[in-house]
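Quick notes on the structure that follows.
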Amino acid sequence: MDFPDLPFLRTFVTVYESRGVTEAAARLHRTQPTVSYQLRRLEETLGAPLFERRSARLVPTPVADRLFRFLGGFARDVQAVLQGDEEDRPLEIAAVSGFGRYVLFPMLRESESLHRALTLRYPSAEEVFRQVLEGQVDVGFSFRSTVHPRLTLTPVYEEQLVLVAGRTWARRLRAREHFQDVPLVTYDEGDYVVGRWLGHHFGRRHPHWYSTAHFEELEEVLEWVAQGRGVAVVPGFCIPKGRGLGVVSWGKPPLTNMVHAVQRTQAPVRPVVAELLERLRDVPRGI
């Protein structure tokens, strides 16, 4: 089998993401017959169909799914270099919610050069890795680390993980020994954070606690804690002022966790991404 023409791969990636020829043609600035022709030629080269038409939508075949995962943004990178239009498209970012909402978004909001054309998504940590691998975004940010031959992780921000409580619970937990049968307000992906905090303060023998409520986002968690309905382990940067919330500390050194920028190994780095990472170095660190 001959290697497919590069424009055909670019067309395939766009159709795969758009799930239709019409939208793909508009994004590629091509006619619909041209897009359909390139898809047909690619299918002939591969010897297998790539899409099935269902209710005016194109549904990828298993072959198309494997090809899209394999390409991992390769087709887009090559096409952008050949056309020289890389900086004409929006900056696309995937960031875990806490860091994305409380650190990254305020920084982007204040930067004229970075928010001219921007897409910012808040997926899970695992989804951040997947979207970067598949070339769906230019850069990702995750509070978790991973080892993958096609991913490069760069430390960009050190957050502190703290126990936050309202006034009543802060008084009850003045000593570490009082942390028994404590109601924790939990949230999506909070297991990692809670586990690290417990290990830091108690080692392997964790005291008993229970989840009193669970929310998707940190805003609801902090509202619940402010009402005195439990405590929570959160990144320190998200604690609002003037809400009666405080950090419970027992004199132990702060627990820190590194946020990494996630990029595809050896992929071209857009100048706007380099500027973003440079600006992150100047963002103030607070709890």
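Residue names in the structure tokens use chain letters A, B, ... in the order shown, residue numbers from 1 in each chain, and ligand numbers from 1 in the order shown.
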Next on the checklist: Residues within 7 Å of Val262 (chain A), please, as a list in words. Count only C-alpha atoms; anything in the same chain fewer than 4 positions from it doesn't count.
Outcome noted: Val139, Gly140, Phe141, Leu151, Thr152, Leu153 and Thr154 of chain A
Item to check | region 6-82 of chain A: residues DSSP assigns to alpha helix (DSSP H), reported as a ChimeraX atom specification | outcome: /A:6-18,21-28,32-46,62-71,74-82
Determine, counting only C-alpha atoms, which protein, DNA and RNA residues have an atom within 10 Å of an atom of Thr256 (chain A); residues of the same chain fewer than 2 positions away are not included. Present the result as a PDB file with N, CA, C and O atoms, in the first residue's frame.
```pdb
ATOM      1  N   GLU A 158       3.015  25.235  40.341  1.00  0.00           N
ATOM      2  CA  GLU A 158       2.992  24.441  41.567  1.00  0.00           C
ATOM      3  C   GLU A 158       1.832  24.905  42.439  1.00  0.00           C
ATOM      4  O   GLU A 158       1.812  26.034  42.918  1.00  0.00           O
ATOM      5  N   GLU A 159       0.860  24.014  42.636  1.00  0.00           N
ATOM      6  CA  GLU A 159      -0.295  24.345  43.455  1.00  0.00           C
ATOM      7  C   GLU A 159      -0.145  23.710  44.839  1.00  0.00           C
ATOM      8  O   GLU A 159       0.556  22.717  45.010  1.00  0.00           O
ATOM      9  N   GLN A 160      -0.829  24.302  45.816  1.00  0.00           N
ATOM     10  CA  GLN A 160      -0.878  23.727  47.152  1.00  0.00           C
ATOM     11  C   GLN A 160      -2.238  23.077  47.367  1.00  0.00           C
ATOM     12  O   GLN A 160      -3.271  23.661  47.035  1.00  0.00           O
ATOM     13  N   LEU A 161      -2.224  21.866  47.904  1.00  0.00           N
ATOM     14  CA  LEU A 161      -3.455  21.152  48.224  1.00  0.00           C
ATOM     15  C   LEU A 161      -3.721  21.331  49.713  1.00  0.00           C
ATOM     16  O   LEU A 161      -2.877  20.992  50.550  1.00  0.00           O
ATOM     17  N   VAL A 162      -4.881  21.883  50.050  1.00  0.00           N
ATOM     18  CA  VAL A 162      -5.167  22.262  51.436  1.00  0.00           C
ATOM     19  C   VAL A 162      -6.534  21.744  51.856  1.00  0.00           C
ATOM     20  O   VAL A 162      -7.405  21.462  51.022  1.00  0.00           O
ATOM     21  N   ARG A 196      -3.708  12.120  48.166  1.00  0.00           N
ATOM     22  CA  ARG A 196      -2.404  12.744  48.397  1.00  0.00           C
ATOM     23  C   ARG A 196      -2.387  13.505  49.726  1.00  0.00           C
ATOM     24  O   ARG A 196      -1.410  13.458  50.470  1.00  0.00           O
ATOM     25  N   TRP A 197      -3.473  14.220  50.023  1.00  0.00           N
ATOM     26  CA  TRP A 197      -3.519  14.997  51.260  1.00  0.00           C
ATOM     27  C   TRP A 197      -3.496  14.082  52.480  1.00  0.00           C
ATOM     28  O   TRP A 197      -2.760  14.336  53.448  1.00  0.00           O
ATOM     29  N   HIS A 200      -0.062  12.632  52.957  1.00  0.00           N
ATOM     30  CA  HIS A 200       0.896  13.644  53.423  1.00  0.00           C
ATOM     31  C   HIS A 200       0.781  13.860  54.938  1.00  0.00           C
ATOM     32  O   HIS A 200       1.794  14.026  55.628  1.00  0.00           O
ATOM     33  N   PRO A 235      -7.314  22.654  45.694  1.00  0.00           N
ATOM     34  CA  PRO A 235      -6.166  23.531  45.417  1.00  0.00           C
ATOM     35  C   PRO A 235      -6.384  24.878  46.098  1.00  0.00           C
ATOM     36  O   PRO A 235      -7.471  25.464  46.022  1.00  0.00           O
ATOM     37  N   GLY A 236      -5.365  25.382  46.761  1.00  0.00           N
ATOM     38  CA  GLY A 236      -5.516  26.599  47.542  1.00  0.00           C
ATOM     39  C   GLY A 236      -5.923  27.818  46.745  1.00  0.00           C
ATOM     40  O   GLY A 236      -6.548  28.735  47.286  1.00  0.00           O
ATOM     41  N   PRO A 253       4.720  21.007  56.770  1.00  0.00           N
ATOM     42  CA  PRO A 253       5.053  21.715  55.523  1.00  0.00           C
ATOM     43  C   PRO A 253       3.933  21.587  54.497  1.00  0.00           C
ATOM     44  O   PRO A 253       3.238  20.556  54.433  1.00  0.00           O
ATOM     45  N   PRO A 254       3.709  22.618  53.689  1.00  0.00           N
ATOM     46  CA  PRO A 254       2.614  22.573  52.700  1.00  0.00           C
ATOM     47  C   PRO A 254       2.757  21.394  51.740  1.00  0.00           C
ATOM     48  O   PRO A 254       3.865  20.970  51.401  1.00  0.00           O
ATOM     49  N   MET A 258       2.340  19.457  41.268  1.00  0.00           N
ATOM     50  CA  MET A 258       2.766  20.146  40.058  1.00  0.00           C
ATOM     51  C   MET A 258       1.740  19.989  38.928  1.00  0.00           C
ATOM     52  O   MET A 258       1.276  18.885  38.649  1.00  0.00           O
ATOM     53  N   VAL A 259       1.399  21.105  38.313  1.00  0.00           N
ATOM     54  CA  VAL A 259       0.581  21.094  37.098  1.00  0.00           C
ATOM     55  C   VAL A 259       1.526  21.106  35.900  1.00  0.00           C
ATOM     56  O   VAL A 259       2.485  21.893  35.864  1.00  0.00           O
ATOM     57  N   ILE A 287      -1.733  30.286  47.957  1.00  0.00           N
ATOM     58  CA  ILE A 287      -2.412  29.067  48.345  1.00  0.00           C
ATOM     59  C   ILE A 287      -3.840  29.131  47.830  1.00  0.00           C
ATOM     60  O   ILE A 287      -4.326  30.156  47.392  1.00  0.00           O
TER      61      ILE A 287
END
```
Item to check | Selection: 12 Å around region 204-210 of chain A, only C-alpha atoms, excl. self and same-chain fewer than 3 positions, as a PyMOL selection string | outcome: chain A and resi 176-186+194-201+213-214+230-232
Write out as a PDB file with C-alpha atoms, in the first residue's frame the residues lying within 12 Å of region 50-53 of chain A, counting only C-alpha atoms and excluding same-chain residues fewer than 5 positions away.
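So the final result, stored in around.pdb, reads:
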```pdb
ATOM      1  CA  LEU A   9      -5.135  12.788   5.563  1.00  0.00           C
ATOM      2  CA  PHE A  12      -9.975  12.767   6.666  1.00  0.00           C
ATOM      3  CA  VAL A  13      -9.156  14.347  10.044  1.00  0.00           C
ATOM      4  CA  VAL A  15     -14.366  15.060   8.211  1.00  0.00           C
ATOM      5  CA  TYR A  16     -13.837  12.786  11.221  1.00  0.00           C
ATOM      6  CA  GLU A  17     -14.142  15.730  13.616  1.00  0.00           C
ATOM      7  CA  ARG A  19     -18.980  14.150  11.037  1.00  0.00           C
ATOM      8  CA  GLY A  20     -20.060  15.595   7.724  1.00  0.00           C
ATOM      9  CA  VAL A  21     -18.729  16.665   4.326  1.00  0.00           C
ATOM     10  CA  SER A  36     -15.771  13.621  -1.228  1.00  0.00           C
ATOM     11  CA  GLN A  38     -10.292  12.961  -1.503  1.00  0.00           C
ATOM     12  CA  LEU A  39     -12.105  10.716   0.956  1.00  0.00           C
ATOM     13  CA  ARG A  40     -12.862   8.207  -1.804  1.00  0.00           C
ATOM     14  CA  ARG A  41      -9.226   8.202  -2.938  1.00  0.00           C
ATOM     15  CA  LEU A  42      -8.060   7.625   0.647  1.00  0.00           C
ATOM     16  CA  GLU A  43     -10.483   4.717   1.032  1.00  0.00           C
ATOM     17  CA  GLU A  44      -9.171   3.230  -2.216  1.00  0.00           C
ATOM     18  CA  THR A  45      -5.604   3.517  -0.942  1.00  0.00           C
ATOM     19  CA  LEU A  58     -21.127  10.298   8.757  1.00  0.00           C
ATOM     20  CA  VAL A  59     -20.333   7.616  11.319  1.00  0.00           C
ATOM     21  CA  PRO A  60     -16.669   6.477  11.444  1.00  0.00           C
ATOM     22  CA  THR A  61     -15.894   2.825  10.890  1.00  0.00           C
ATOM     23  CA  PRO A  62     -13.476   0.983  13.207  1.00  0.00           C
ATOM     24  CA  VAL A  63     -10.778   1.552  10.555  1.00  0.00           C
ATOM     25  CA  ALA A  64     -11.418   5.312  10.718  1.00  0.00           C
ATOM     26  CA  ASP A  65     -11.222   5.302  14.516  1.00  0.00           C
ATOM     27  CA  ARG A  66      -7.852   3.527  14.419  1.00  0.00           C
ATOM     28  CA  LEU A  67      -6.516   5.850  11.723  1.00  0.00           C
ATOM     29  CA  PHE A  68      -7.569   8.957  13.636  1.00  0.00           C
TER      30      PHE A  68
END
```
Next on the checklist: Run DSSP on the backbone and tell me which residues of region 139-225 of chain A come out as strand (DSSP E); list them as a ChimeraX atom specification.
Outcome noted: /A:139-142,151-165,182-187,209-215
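With only C-alpha atoms as the atoms that count, the minimum distance from Ala261 (chain A) to the choices A:Thr119, A:Thr11, A:Ser249, A:Ser142 is reached by A:Ser142.
When CA of Leu255 (chain A) is paired with CA of Leu173 (chain A), their separation reads 17.8 Å.
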Next on the checklist: Which residue is closest to Leu108 (chain A)? Choose from A:Arg279, A:Lys252, A:Arg171, A:Arg27 and count only C-alpha atoms.
Outcome noted: A:Arg279
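Straight-line separation from CA of Ile93 (chain A) to CA of Arg150 (chain A): 17.7 Å.
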Checklist entry - Quick one: distance from CA of Pro155 (chain A) to CA of Glu110 (chain A) in Å, one decimal? => result 22.2 Å
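Nearest residue to Val248 (chain A) among A:Val164, A:Ala56, A:Val221, A:Leu91 is A:Val164, counting only C-alpha atoms.
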